[in-house]
$ cat input-v1.cif   # mmCIF, C-alpha atoms and all ligand atoms
data_input
loop_
_atom_site.label_atom_id
_atom_site.label_comp_id
_atom_site.auth_asym_id
_atom_site.auth_seq_id
_atom_site.Cartn_x
_atom_site.Cartn_y
_atom_site.Cartn_z
CA MET A 1 1.01 -5.91 -22.81
CA ARG A 2 -1.49 -3.22 -21.93
CA GLY A 3 -0.38 -0.44 -19.58
CA LEU A 4 -1.82 0.05 -16.11
CA LEU A 5 -4.30 2.79 -15.23
CA ILE A 6 -3.58 4.22 -11.79
CA CYS A 7 -5.87 6.95 -10.48
CA LEU A 8 -5.20 9.41 -7.70
CA GLU A 9 -8.24 10.51 -5.74
CA GLY A 10 -8.96 12.59 -2.66
CA GLY A 11 -10.39 15.89 -1.53
CA GLU A 12 -8.96 19.37 -1.95
CA GLY A 13 -5.34 19.57 -0.79
CA ALA A 14 -5.14 15.88 0.12
CA GLY A 15 -1.73 15.59 -1.59
CA LYS A 16 -2.59 14.14 -5.01
CA SER A 17 -0.09 16.23 -6.97
CA THR A 18 2.59 15.40 -4.41
CA ALA A 19 1.75 11.69 -4.73
CA MET A 20 1.95 11.84 -8.53
CA THR A 21 5.74 12.20 -8.38
CA VAL A 22 6.01 9.23 -6.00
CA ILE A 23 4.05 6.99 -8.36
CA GLN A 24 6.05 8.14 -11.40
CA GLN A 25 9.33 7.36 -9.64
CA THR A 26 8.11 3.98 -8.37
CA LEU A 27 7.02 2.90 -11.84
CA GLU A 28 10.28 4.12 -13.35
CA SER A 29 12.32 2.18 -10.77
CA ALA A 30 10.32 -0.91 -11.70
CA GLY A 31 11.41 -0.40 -15.32
CA ARG A 32 7.99 0.78 -16.51
CA GLN A 33 7.14 3.65 -18.83
CA SER A 34 4.39 6.01 -17.69
CA ILE A 35 2.64 9.25 -18.52
CA SER A 36 0.59 11.47 -16.24
CA THR A 37 -2.60 13.35 -16.90
CA ARG A 38 -5.28 15.10 -14.88
CA GLU A 39 -9.01 15.53 -14.86
CA PRO A 40 -10.82 17.51 -15.79
CA GLY A 41 -8.17 18.25 -18.41
CA GLY A 42 -5.37 16.47 -20.23
CA THR A 43 -6.04 17.79 -23.76
CA PRO A 44 -6.39 21.39 -25.00
CA ALA A 45 -10.19 21.12 -25.28
CA ALA A 46 -10.52 19.32 -21.94
CA GLU A 47 -8.34 21.97 -20.28
CA GLN A 48 -10.78 24.61 -21.58
CA ILE A 49 -13.64 22.66 -20.02
CA ARG A 50 -11.57 22.51 -16.79
CA GLU A 51 -11.28 26.29 -16.80
CA LEU A 52 -15.06 26.60 -17.14
CA LEU A 53 -15.67 24.03 -14.38
CA LEU A 54 -13.18 25.44 -11.87
CA SER A 55 -13.45 29.19 -12.46
CA PRO A 56 -15.41 31.01 -9.75
CA ALA A 57 -16.61 33.32 -12.56
CA THR A 58 -18.72 30.42 -13.88
CA GLY A 59 -20.98 30.65 -10.85
CA ASP A 60 -23.50 27.96 -10.00
CA LEU A 61 -24.11 25.17 -12.51
CA ASP A 62 -26.94 22.70 -12.54
CA PRO A 63 -25.42 19.47 -11.10
CA ILE A 64 -26.27 17.48 -14.25
CA THR A 65 -24.61 20.17 -16.40
CA GLU A 66 -21.53 19.92 -14.18
CA LEU A 67 -21.52 16.12 -14.50
CA LEU A 68 -21.89 16.25 -18.30
CA LEU A 69 -19.01 18.72 -18.60
CA MET A 70 -16.82 16.46 -16.46
CA PHE A 71 -17.60 13.51 -18.70
CA ALA A 72 -17.18 15.57 -21.89
CA ALA A 73 -13.66 16.45 -20.77
CA ARG A 74 -13.08 12.83 -19.71
CA ARG A 75 -14.07 11.51 -23.14
CA GLU A 76 -11.45 13.72 -24.81
CA ASN A 77 -8.78 12.59 -22.35
CA VAL A 78 -9.72 8.91 -22.71
CA GLN A 79 -9.79 8.98 -26.52
CA GLN A 80 -6.73 11.13 -27.09
CA VAL A 81 -4.43 10.36 -24.18
CA ILE A 82 -5.40 7.48 -21.89
CA GLN A 83 -6.45 4.69 -24.28
CA PRO A 84 -3.64 5.25 -26.81
CA ALA A 85 -1.04 5.09 -24.03
CA LEU A 86 -2.53 1.98 -22.41
CA GLU A 87 -2.69 0.25 -25.79
CA ALA A 88 0.96 1.12 -26.40
CA GLY A 89 1.86 -0.59 -23.11
CA ILE A 90 2.47 2.68 -21.27
CA ASP A 91 1.10 3.13 -17.74
CA VAL A 92 -1.18 6.11 -17.14
CA ILE A 93 -1.35 7.95 -13.83
CA CYS A 94 -4.47 10.09 -13.72
CA ASP A 95 -4.94 12.87 -11.15
CA ARG A 96 -8.70 12.21 -10.63
CA PHE A 97 -10.96 10.05 -12.80
CA THR A 98 -14.55 8.73 -12.64
CA ASP A 99 -14.40 8.06 -8.90
CA ALA A 100 -14.06 11.84 -8.51
CA SER A 101 -17.40 12.23 -10.33
CA HIS A 102 -18.92 9.71 -7.92
CA ALA A 103 -17.52 11.72 -5.01
CA TYR A 104 -18.16 15.31 -6.17
CA GLN A 105 -21.27 15.03 -8.33
CA GLY A 106 -22.70 11.74 -7.01
CA GLY A 107 -22.01 12.52 -3.33
CA GLY A 108 -21.25 16.23 -3.08
CA ARG A 109 -23.98 17.37 -5.48
CA GLN A 110 -26.21 14.48 -4.35
CA LEU A 111 -26.89 13.03 -7.81
CA GLY A 112 -26.22 9.48 -6.59
CA ALA A 113 -24.27 6.78 -8.37
CA GLU A 114 -26.68 6.02 -11.21
CA PRO A 115 -26.12 8.94 -13.61
CA VAL A 116 -22.37 8.65 -13.02
CA ASP A 117 -22.40 4.92 -13.84
CA GLN A 118 -24.57 5.56 -16.92
CA LEU A 119 -22.18 8.17 -18.32
CA ALA A 120 -19.13 6.04 -17.46
CA SER A 121 -20.61 3.20 -19.53
CA ILE A 122 -20.94 5.55 -22.51
CA VAL A 123 -17.67 7.48 -22.11
CA HIS A 124 -15.23 4.69 -21.17
CA PRO A 125 -16.93 1.31 -21.60
CA GLY A 126 -14.77 -1.50 -20.27
CA LEU A 127 -12.13 0.87 -18.89
CA GLN A 128 -11.64 0.73 -15.12
CA PRO A 129 -8.63 1.80 -13.04
CA ASP A 130 -6.24 -1.02 -12.11
CA LEU A 131 -5.67 0.82 -8.84
CA VAL A 132 -7.28 3.84 -7.20
CA VAL A 133 -5.08 5.53 -4.59
CA LEU A 134 -7.45 7.43 -2.28
CA LEU A 135 -5.69 10.03 -0.13
CA ASP A 136 -8.00 10.61 2.80
CA VAL A 137 -7.80 13.71 5.00
CA PRO A 138 -10.37 15.62 7.03
CA VAL A 139 -11.79 18.46 4.92
CA GLU A 140 -10.29 21.20 7.11
CA VAL A 141 -6.79 19.69 6.98
CA GLY A 142 -6.84 19.65 3.17
CA LEU A 143 -8.23 23.17 2.91
CA ASN A 144 -5.59 24.49 5.33
CA ARG A 145 -2.85 23.03 3.13
CA ILE A 146 -4.01 24.92 0.05
CA ARG A 147 -5.21 28.12 1.76
CA GLN A 148 -1.94 29.96 1.11
CA ARG A 149 -2.16 29.49 -2.68
CA GLU A 150 -2.15 32.90 -4.32
CA ASP A 151 -4.69 32.10 -7.06
CA GLY A 152 -7.53 31.75 -4.54
CA PRO A 153 -10.10 28.97 -4.13
CA ASP A 154 -11.72 27.35 -7.19
CA ARG A 155 -15.47 26.61 -7.58
CA PHE A 156 -15.19 23.37 -5.60
CA GLU A 157 -12.81 24.53 -2.88
CA SER A 158 -14.95 27.56 -2.13
CA ASP A 159 -18.17 25.56 -1.80
CA GLN A 160 -19.48 26.20 1.69
CA GLY A 161 -21.02 23.91 4.24
CA ALA A 162 -21.52 20.18 3.92
CA PHE A 163 -20.51 19.76 0.26
CA LEU A 164 -16.86 18.77 0.82
CA HIS A 165 -17.85 16.56 3.76
CA ARG A 166 -20.24 14.65 1.50
CA VAL A 167 -17.41 14.34 -1.05
CA ARG A 168 -15.15 12.71 1.54
CA GLU A 169 -17.89 10.34 2.69
CA ALA A 170 -18.70 9.31 -0.89
CA TYR A 171 -15.02 8.57 -1.59
CA LEU A 172 -14.78 6.40 1.53
CA GLN A 173 -18.00 4.57 0.63
CA ARG A 174 -16.68 3.86 -2.89
CA ALA A 175 -13.47 2.51 -1.42
CA GLN A 176 -15.40 0.27 0.95
CA ALA A 177 -17.59 -1.04 -1.88
CA HIS A 178 -14.60 -1.69 -4.20
CA PRO A 179 -11.77 -3.01 -2.01
CA ASP A 180 -10.09 -4.80 -4.95
CA SER A 181 -9.44 -1.58 -6.86
CA PHE A 182 -8.99 0.93 -3.98
CA VAL A 183 -6.23 1.53 -1.51
CA VAL A 184 -7.06 4.14 1.15
CA ILE A 185 -4.13 6.06 2.58
CA ASP A 186 -4.25 8.21 5.72
CA ALA A 187 -2.99 11.42 4.15
CA THR A 188 -2.70 13.25 7.49
CA GLN A 189 0.68 11.48 7.78
CA SER A 190 3.90 13.20 6.73
CA VAL A 191 4.77 13.47 3.05
CA GLU A 192 7.40 10.75 3.55
CA GLN A 193 4.99 8.39 5.34
CA VAL A 194 2.36 8.85 2.63
CA ALA A 195 5.01 8.17 -0.02
CA ALA A 196 6.03 4.94 1.73
CA CYS A 197 2.38 3.78 1.87
CA ILE A 198 1.97 4.50 -1.84
CA ARG A 199 5.16 2.60 -2.77
CA ASN A 200 4.05 -0.38 -0.64
CA ALA A 201 0.59 -0.42 -2.23
CA LEU A 202 2.01 -0.30 -5.76
CA HIS A 203 4.41 -3.15 -5.02
CA GLU A 204 1.78 -5.30 -3.29
CA ARG A 205 -1.08 -4.66 -5.68
CA LEU A 206 0.47 -4.10 -9.12
CA LEU A 207 4.18 -4.77 -9.34
CA THR A 208 4.41 -8.27 -7.87
N1 LIG A 301 1.30 14.62 3.75
C1 LIG A 301 1.39 15.95 3.72
N2 LIG A 301 1.58 16.64 4.86
C2 LIG A 301 1.64 18.00 4.84
N3 LIG A 301 1.55 18.75 3.74
C3 LIG A 301 1.37 18.12 2.57
C4 LIG A 301 1.27 16.70 2.49
N4 LIG A 301 1.08 16.35 1.20
C5 LIG A 301 1.05 17.50 0.50
N5 LIG A 301 1.24 18.56 1.31
C6 LIG A 301 1.27 19.98 0.93
O1 LIG A 301 -0.10 20.37 0.85
C7 LIG A 301 -0.32 21.19 -0.29
C8 LIG A 301 -1.32 20.50 -1.22
O2 LIG A 301 -0.71 19.32 -1.75
P1 LIG A 301 -1.03 18.86 -3.23
O3 LIG A 301 -0.99 20.01 -4.16
O4 LIG A 301 -0.20 17.66 -3.52
O5 LIG A 301 -2.56 18.41 -3.02
P2 LIG A 301 -3.66 18.11 -4.13
O6 LIG A 301 -4.48 17.00 -3.57
O7 LIG A 301 -3.01 17.90 -5.44
O8 LIG A 301 -4.46 19.46 -4.10
P3 LIG A 301 -5.59 19.94 -5.15
O9 LIG A 301 -6.85 19.33 -4.66
O10 LIG A 301 -5.59 21.42 -5.00
O11 LIG A 301 -5.15 19.46 -6.50
C9 LIG A 301 1.04 21.40 -0.93
O12 LIG A 301 1.57 22.61 -0.44
C10 LIG A 301 1.85 20.22 -0.43
O13 LIG A 301 3.23 20.52 -0.36
MG MG A 302 -3.42 18.79 -7.31
#
$ encode --input "input-v1.cif" --output "structure tokens"
Amino acid sequence: MRGLLICLEGGEGAGKSTAMTVIQQTLESAGRQSISTREPGGTPAAEQIRELLLSPATGDLDPITELLLMFAARRENVQQVIQPALEAGIDVICDRFTDASHAYQGGGRQLGAEPVDQLASIVHPGLQPDLVVLLDVPVEVGLNRIRQREDGPDRFESDQGAFLHRVREAYLQRAQAHPDSFVVIDATQSVEQVAACIRNALHERLLT
């Protein structure tokens, strides 16, 4: 049996990394084997692309360049990590996947859905998440949570103005358009409440 692909999505500081542990533990309790990965990243080459994409030293990138780099990293992660695990019957929990490209480049950078869908059909044809867990928080709440990090804001976190608001809107629109694959969680709740929502969603949607 093929493994499940579960993706964590949400804006900056929404609680994705915190939620990762909850999903890992829930799958383990259900007797399932899982691995975790993140995007952009997940392989040595993809992590180098991540560094380029997130480093403030990179400066502005053309939005299409940014999208292509995201999908270049994604292809490495899909080929080397995600597909082999799924085929071996191991579940994969991915901290961001193609819905993040829809939100950040499609919505945030205003490229729209079409180039994202086109690249998705080349980079991971036939591969869709079994469940997307969208952690939704107002932009300012997420940014406040990560403000105290000592390494400073990355290229996306430091983007001024309406960018991160468009990202949130695009995520919510994707969720509304794809209710069968998305579960939206109010991530302004406490860590424990968010964890309970995630466990419920996994049991209702995947582990029945
Ligand atoms: N529900 C919550 N309520 C309050 N604080 C939270 C909650 N969830 C996570 N946090 C805290 O907010 C900070 C950001 O959480 P986390 O790193 O999980 O977010 P993230 O979505 O992975 O962030 P990034 O976008 O930077 O990857 C952490 O300090 C975490 O402990
Ligand atoms: Mg994180």
$ residues_around --input "input-v1.cif" --residues "region 115-132 of chain A" --least-positions-apart "4" --cutoff "6 Å" --atoms "all atoms listed in the file" --output "compact mmCIF listing (two decimals) with C-alpha atoms, in the frame of the given file"
# COMPACT_ATOMS: atom_id res chain seq x y z
CA LEU A 5 -4.30 2.79 -15.23
CA ILE A 6 -3.58 4.22 -11.79
CA CYS A 7 -5.87 6.95 -10.48
CA LEU A 8 -5.20 9.41 -7.70
CA ARG A 75 -14.07 11.51 -23.14
CA SER A 181 -9.44 -1.58 -6.86
CA PHE A 182 -8.99 0.93 -3.98
$ residues_near_ligand --input "input-v1.cif" --ligand "ligand MG 302 (chain A)" --cutoff "7 Å" --atoms "all atoms listed in the file" --output "mmCIF file with C-alpha atoms, in the coordinates of the input"
data_model
loop_
_atom_site.group_PDB
_atom_site.id
_atom_site.type_symbol
_atom_site.label_atom_id
_atom_site.label_comp_id
_atom_site.auth_asym_id
_atom_site.auth_seq_id
_atom_site.Cartn_x
_atom_site.Cartn_y
_atom_site.Cartn_z
ATOM 1 C CA GLY A 13 -5.340 19.570 -0.790
ATOM 2 C CA GLY A 15 -1.730 15.590 -1.590
ATOM 3 C CA LYS A 16 -2.590 14.140 -5.010
ATOM 4 C CA SER A 17 -0.090 16.230 -6.970
#
$ atom_distance --input "input-v1.cif" --atom1 "atom N1 of ligand LIG 301 (chain A)" --atom2 "CA of Ile23 (chain A)"
14.6 Å
$ atom_distance --input "input-v1.cif" --atom1 "atom O7 of ligand LIG 301 (chain A)" --atom2 "CA of Thr18 (chain A)"
6.2 Å
$ residues_near_ligand --input "input-v1.cif" --ligand "ligand LIG 301 (chain A)" --cutoff "7 Å" --atoms "all atoms listed in the file" --output "list in words"
Gly10, Gly11, Glu12, Gly13, Ala14, Gly15, Lys16, Ser17, Thr18, Ala19, Arg145, Ile146, Ala187, Thr188, Gln189, Ser190, Val191 and Val194 of chain A
$ atom_distance --input "input-v1.cif" --atom1 "CA of Gly106 (chain A)" --atom2 "CA of Ile198 (chain A)"
26.2 Å
$ residues_around --input "input-v1.cif" --residues "region 158-172 of chain A" --least-positions-apart "4" --cutoff "9 Å" --atoms "all atoms listed in the file" --output "JSON, numbers by chain"
{"A": [9, 10, 11, 12, 56, 99, 100, 102, 103, 104, 105, 106, 107, 108, 109, 110, 134, 136, 137, 138, 139, 152, 153, 154, 176, 177, 184]}
$ residues_around --input "input-v1.cif" --residues "Gln79 (chain A)" --least-positions-apart "4" --cutoff "12 Å" --atoms "only C-alpha atoms" --output "NGL selection string"
:A and (42-43 or 46 or 71-75 or 83-87 or 123-125 or 127)
$ write_last_selection --input "input-v1.cif" --atoms "C-alpha atoms" --output "short mmCIF file (atom, residue, chain, number, x, y, z; two decimals), in the frame of the given file"
data_model
loop_
_atom_site.label_atom_id
_atom_site.label_comp_id
_atom_site.auth_asym_id
_atom_site.auth_seq_id
_atom_site.Cartn_x
_atom_site.Cartn_y
_atom_site.Cartn_z
CA GLY A 42 -5.37 16.47 -20.23
CA THR A 43 -6.04 17.79 -23.76
CA ALA A 46 -10.52 19.32 -21.94
CA PHE A 71 -17.60 13.51 -18.70
CA ALA A 72 -17.18 15.57 -21.89
CA ALA A 73 -13.66 16.45 -20.77
CA ARG A 74 -13.08 12.83 -19.71
CA ARG A 75 -14.07 11.51 -23.14
CA GLN A 83 -6.45 4.69 -24.28
CA PRO A 84 -3.64 5.25 -26.81
CA ALA A 85 -1.04 5.09 -24.03
CA LEU A 86 -2.53 1.98 -22.41
CA GLU A 87 -2.69 0.25 -25.79
CA VAL A 123 -17.67 7.48 -22.11
CA HIS A 124 -15.23 4.69 -21.17
CA PRO A 125 -16.93 1.31 -21.60
CA LEU A 127 -12.13 0.87 -18.89
#
$ closest_residue --input "input-v1.cif" --among "A:Gly3, A:Gly112, A:Pro44, A:Gly142" --to "Arg32 (chain A)" --atoms "all atoms listed in the file"
A:Gly3
$ closest_residue --input "input-v1.cif" --among "A:Ser55, A:Asn200, A:Gln24, A:Thr98" --to "Val183 (chain A)" --atoms "all atoms listed in the file"
A:Asn200
$ decode --input "input-v1.cif" --residues "region 1-85 of chain A" --atoms "C-alpha atoms" --output "PDB file, in the first residue's frame"
ATOM      1  CA  MET A   1       0.000   0.000   0.000  1.00  0.00           C
ATOM      2  CA  ARG A   2       1.176   3.465  -0.952  1.00  0.00           C
ATOM      3  CA  GLY A   3       1.986   5.907   1.841  1.00  0.00           C
ATOM      4  CA  LEU A   4      -0.005   9.071   2.475  1.00  0.00           C
ATOM      5  CA  LEU A   5       1.220  12.551   1.554  1.00  0.00           C
ATOM      6  CA  ILE A   6       0.253  15.072   4.216  1.00  0.00           C
ATOM      7  CA  CYS A   7       1.220  18.709   3.664  1.00  0.00           C
ATOM      8  CA  LEU A   8       1.458  21.476   6.222  1.00  0.00           C
ATOM      9  CA  GLU A   9       0.670  24.940   4.947  1.00  0.00           C
ATOM     10  CA  GLY A  10       0.239  28.405   6.392  1.00  0.00           C
ATOM     11  CA  GLY A  11       1.872  31.791   6.617  1.00  0.00           C
ATOM     12  CA  GLU A  12       4.998  32.812   8.500  1.00  0.00           C
ATOM     13  CA  GLY A  13       4.906  31.676  12.130  1.00  0.00           C
ATOM     14  CA  ALA A  14       1.523  29.953  11.791  1.00  0.00           C
ATOM     15  CA  GLY A  15       2.828  26.911  13.708  1.00  0.00           C
ATOM     16  CA  LYS A  16       3.753  24.460  10.935  1.00  0.00           C
ATOM     17  CA  SER A  17       6.913  23.155  12.589  1.00  0.00           C
ATOM     18  CA  THR A  18       5.031  22.764  15.864  1.00  0.00           C
ATOM     19  CA  ALA A  19       2.265  20.851  14.047  1.00  0.00           C
ATOM     20  CA  MET A  20       4.788  18.537  12.387  1.00  0.00           C
ATOM     21  CA  THR A  21       5.470  16.793  15.703  1.00  0.00           C
ATOM     22  CA  VAL A  22       1.735  16.344  16.332  1.00  0.00           C
ATOM     23  CA  ILE A  23       1.237  14.658  12.962  1.00  0.00           C
ATOM     24  CA  GLN A  24       4.298  12.420  13.425  1.00  0.00           C
ATOM     25  CA  GLN A  25       3.028  11.257  16.816  1.00  0.00           C
ATOM     26  CA  THR A  26      -0.521  10.696  15.559  1.00  0.00           C
ATOM     27  CA  LEU A  27       0.678   8.551  12.662  1.00  0.00           C
ATOM     28  CA  GLU A  28       2.993   6.595  14.950  1.00  0.00           C
ATOM     29  CA  SER A  29       0.161   5.923  17.410  1.00  0.00           C
ATOM     30  CA  ALA A  30      -1.901   4.627  14.492  1.00  0.00           C
ATOM     31  CA  GLY A  31       0.910   2.151  13.754  1.00  0.00           C
ATOM     32  CA  ARG A  32       2.107   3.964  10.629  1.00  0.00           C
ATOM     33  CA  GLN A  33       5.654   4.709   9.521  1.00  0.00           C
ATOM     34  CA  SER A  34       6.388   8.268   8.401  1.00  0.00           C
ATOM     35  CA  ILE A  35       9.156  10.609   7.378  1.00  0.00           C
ATOM     36  CA  SER A  36       9.166  14.395   7.368  1.00  0.00           C
ATOM     37  CA  THR A  37      10.597  16.819   4.879  1.00  0.00           C
ATOM     38  CA  ARG A  38      10.320  20.511   4.097  1.00  0.00           C
ATOM     39  CA  GLU A  39      10.142  22.786   1.110  1.00  0.00           C
ATOM     40  CA  PRO A  40      12.004  24.369  -0.339  1.00  0.00           C
ATOM     41  CA  GLY A  41      14.563  21.784   0.762  1.00  0.00           C
ATOM     42  CA  GLY A  42      14.712  18.132   1.733  1.00  0.00           C
ATOM     43  CA  THR A  43      17.843  17.139  -0.215  1.00  0.00           C
ATOM     44  CA  PRO A  44      21.346  18.685  -0.188  1.00  0.00           C
ATOM     45  CA  ALA A  45      20.804  20.409  -3.557  1.00  0.00           C
ATOM     46  CA  ALA A  46      17.286  21.550  -2.649  1.00  0.00           C
ATOM     47  CA  GLU A  47      18.570  22.934   0.670  1.00  0.00           C
ATOM     48  CA  GLN A  48      21.090  25.014  -1.317  1.00  0.00           C
ATOM     49  CA  ILE A  49      18.237  26.350  -3.439  1.00  0.00           C
ATOM     50  CA  ARG A  50      16.368  27.095  -0.171  1.00  0.00           C
ATOM     51  CA  GLU A  51      19.312  29.149   1.048  1.00  0.00           C
ATOM     52  CA  LEU A  52      19.262  31.168  -2.183  1.00  0.00           C
ATOM     53  CA  LEU A  53      15.480  31.657  -2.001  1.00  0.00           C
ATOM     54  CA  LEU A  54      15.318  32.663   1.673  1.00  0.00           C
ATOM     55  CA  SER A  55      18.529  34.642   2.129  1.00  0.00           C
ATOM     56  CA  PRO A  56      17.970  38.413   2.301  1.00  0.00           C
ATOM     57  CA  ALA A  57      21.339  38.715   0.516  1.00  0.00           C
ATOM     58  CA  THR A  58      19.669  37.353  -2.637  1.00  0.00           C
ATOM     59  CA  GLY A  59      17.638  40.538  -2.964  1.00  0.00           C
ATOM     60  CA  ASP A  60      14.712  40.830  -5.341  1.00  0.00           C
ATOM     61  CA  LEU A  61      14.060  38.008  -7.794  1.00  0.00           C
ATOM     62  CA  ASP A  62      11.812  38.068 -10.802  1.00  0.00           C
ATOM     63  CA  PRO A  63       8.633  36.225  -9.667  1.00  0.00           C
ATOM     64  CA  ILE A  64       8.968  33.615 -12.437  1.00  0.00           C
ATOM     65  CA  THR A  65      12.593  32.994 -11.415  1.00  0.00           C
ATOM     66  CA  GLU A  66      11.425  32.527  -7.829  1.00  0.00           C
ATOM     67  CA  LEU A  67       8.707  30.101  -8.955  1.00  0.00           C
ATOM     68  CA  LEU A  68      11.141  28.085 -11.098  1.00  0.00           C
ATOM     69  CA  LEU A  69      13.605  27.795  -8.216  1.00  0.00           C
ATOM     70  CA  MET A  70      10.816  26.578  -5.928  1.00  0.00           C
ATOM     71  CA  PHE A  71       9.863  23.918  -8.442  1.00  0.00           C
ATOM     72  CA  ALA A  72      13.495  22.971  -9.130  1.00  0.00           C
ATOM     73  CA  ALA A  73      13.940  22.267  -5.420  1.00  0.00           C
ATOM     74  CA  ARG A  74      10.568  20.475  -5.359  1.00  0.00           C
ATOM     75  CA  ARG A  75      11.571  18.164  -8.207  1.00  0.00           C
ATOM     76  CA  GLU A  76      14.666  17.030  -6.283  1.00  0.00           C
ATOM     77  CA  ASN A  77      12.610  16.418  -3.140  1.00  0.00           C
ATOM     78  CA  VAL A  78       9.881  14.545  -5.044  1.00  0.00           C
ATOM     79  CA  GLN A  79      12.315  12.328  -6.967  1.00  0.00           C
ATOM     80  CA  GLN A  80      14.735  11.589  -4.148  1.00  0.00           C
ATOM     81  CA  VAL A  81      12.623  11.656  -1.005  1.00  0.00           C
ATOM     82  CA  ILE A  82       8.851  11.873  -1.420  1.00  0.00           C
ATOM     83  CA  GLN A  83       8.068   9.355  -4.190  1.00  0.00           C
ATOM     84  CA  PRO A  84      10.455   6.645  -2.958  1.00  0.00           C
ATOM     85  CA  ALA A  85       8.933   6.827   0.534  1.00  0.00           C
TER      86      ALA A  85
END
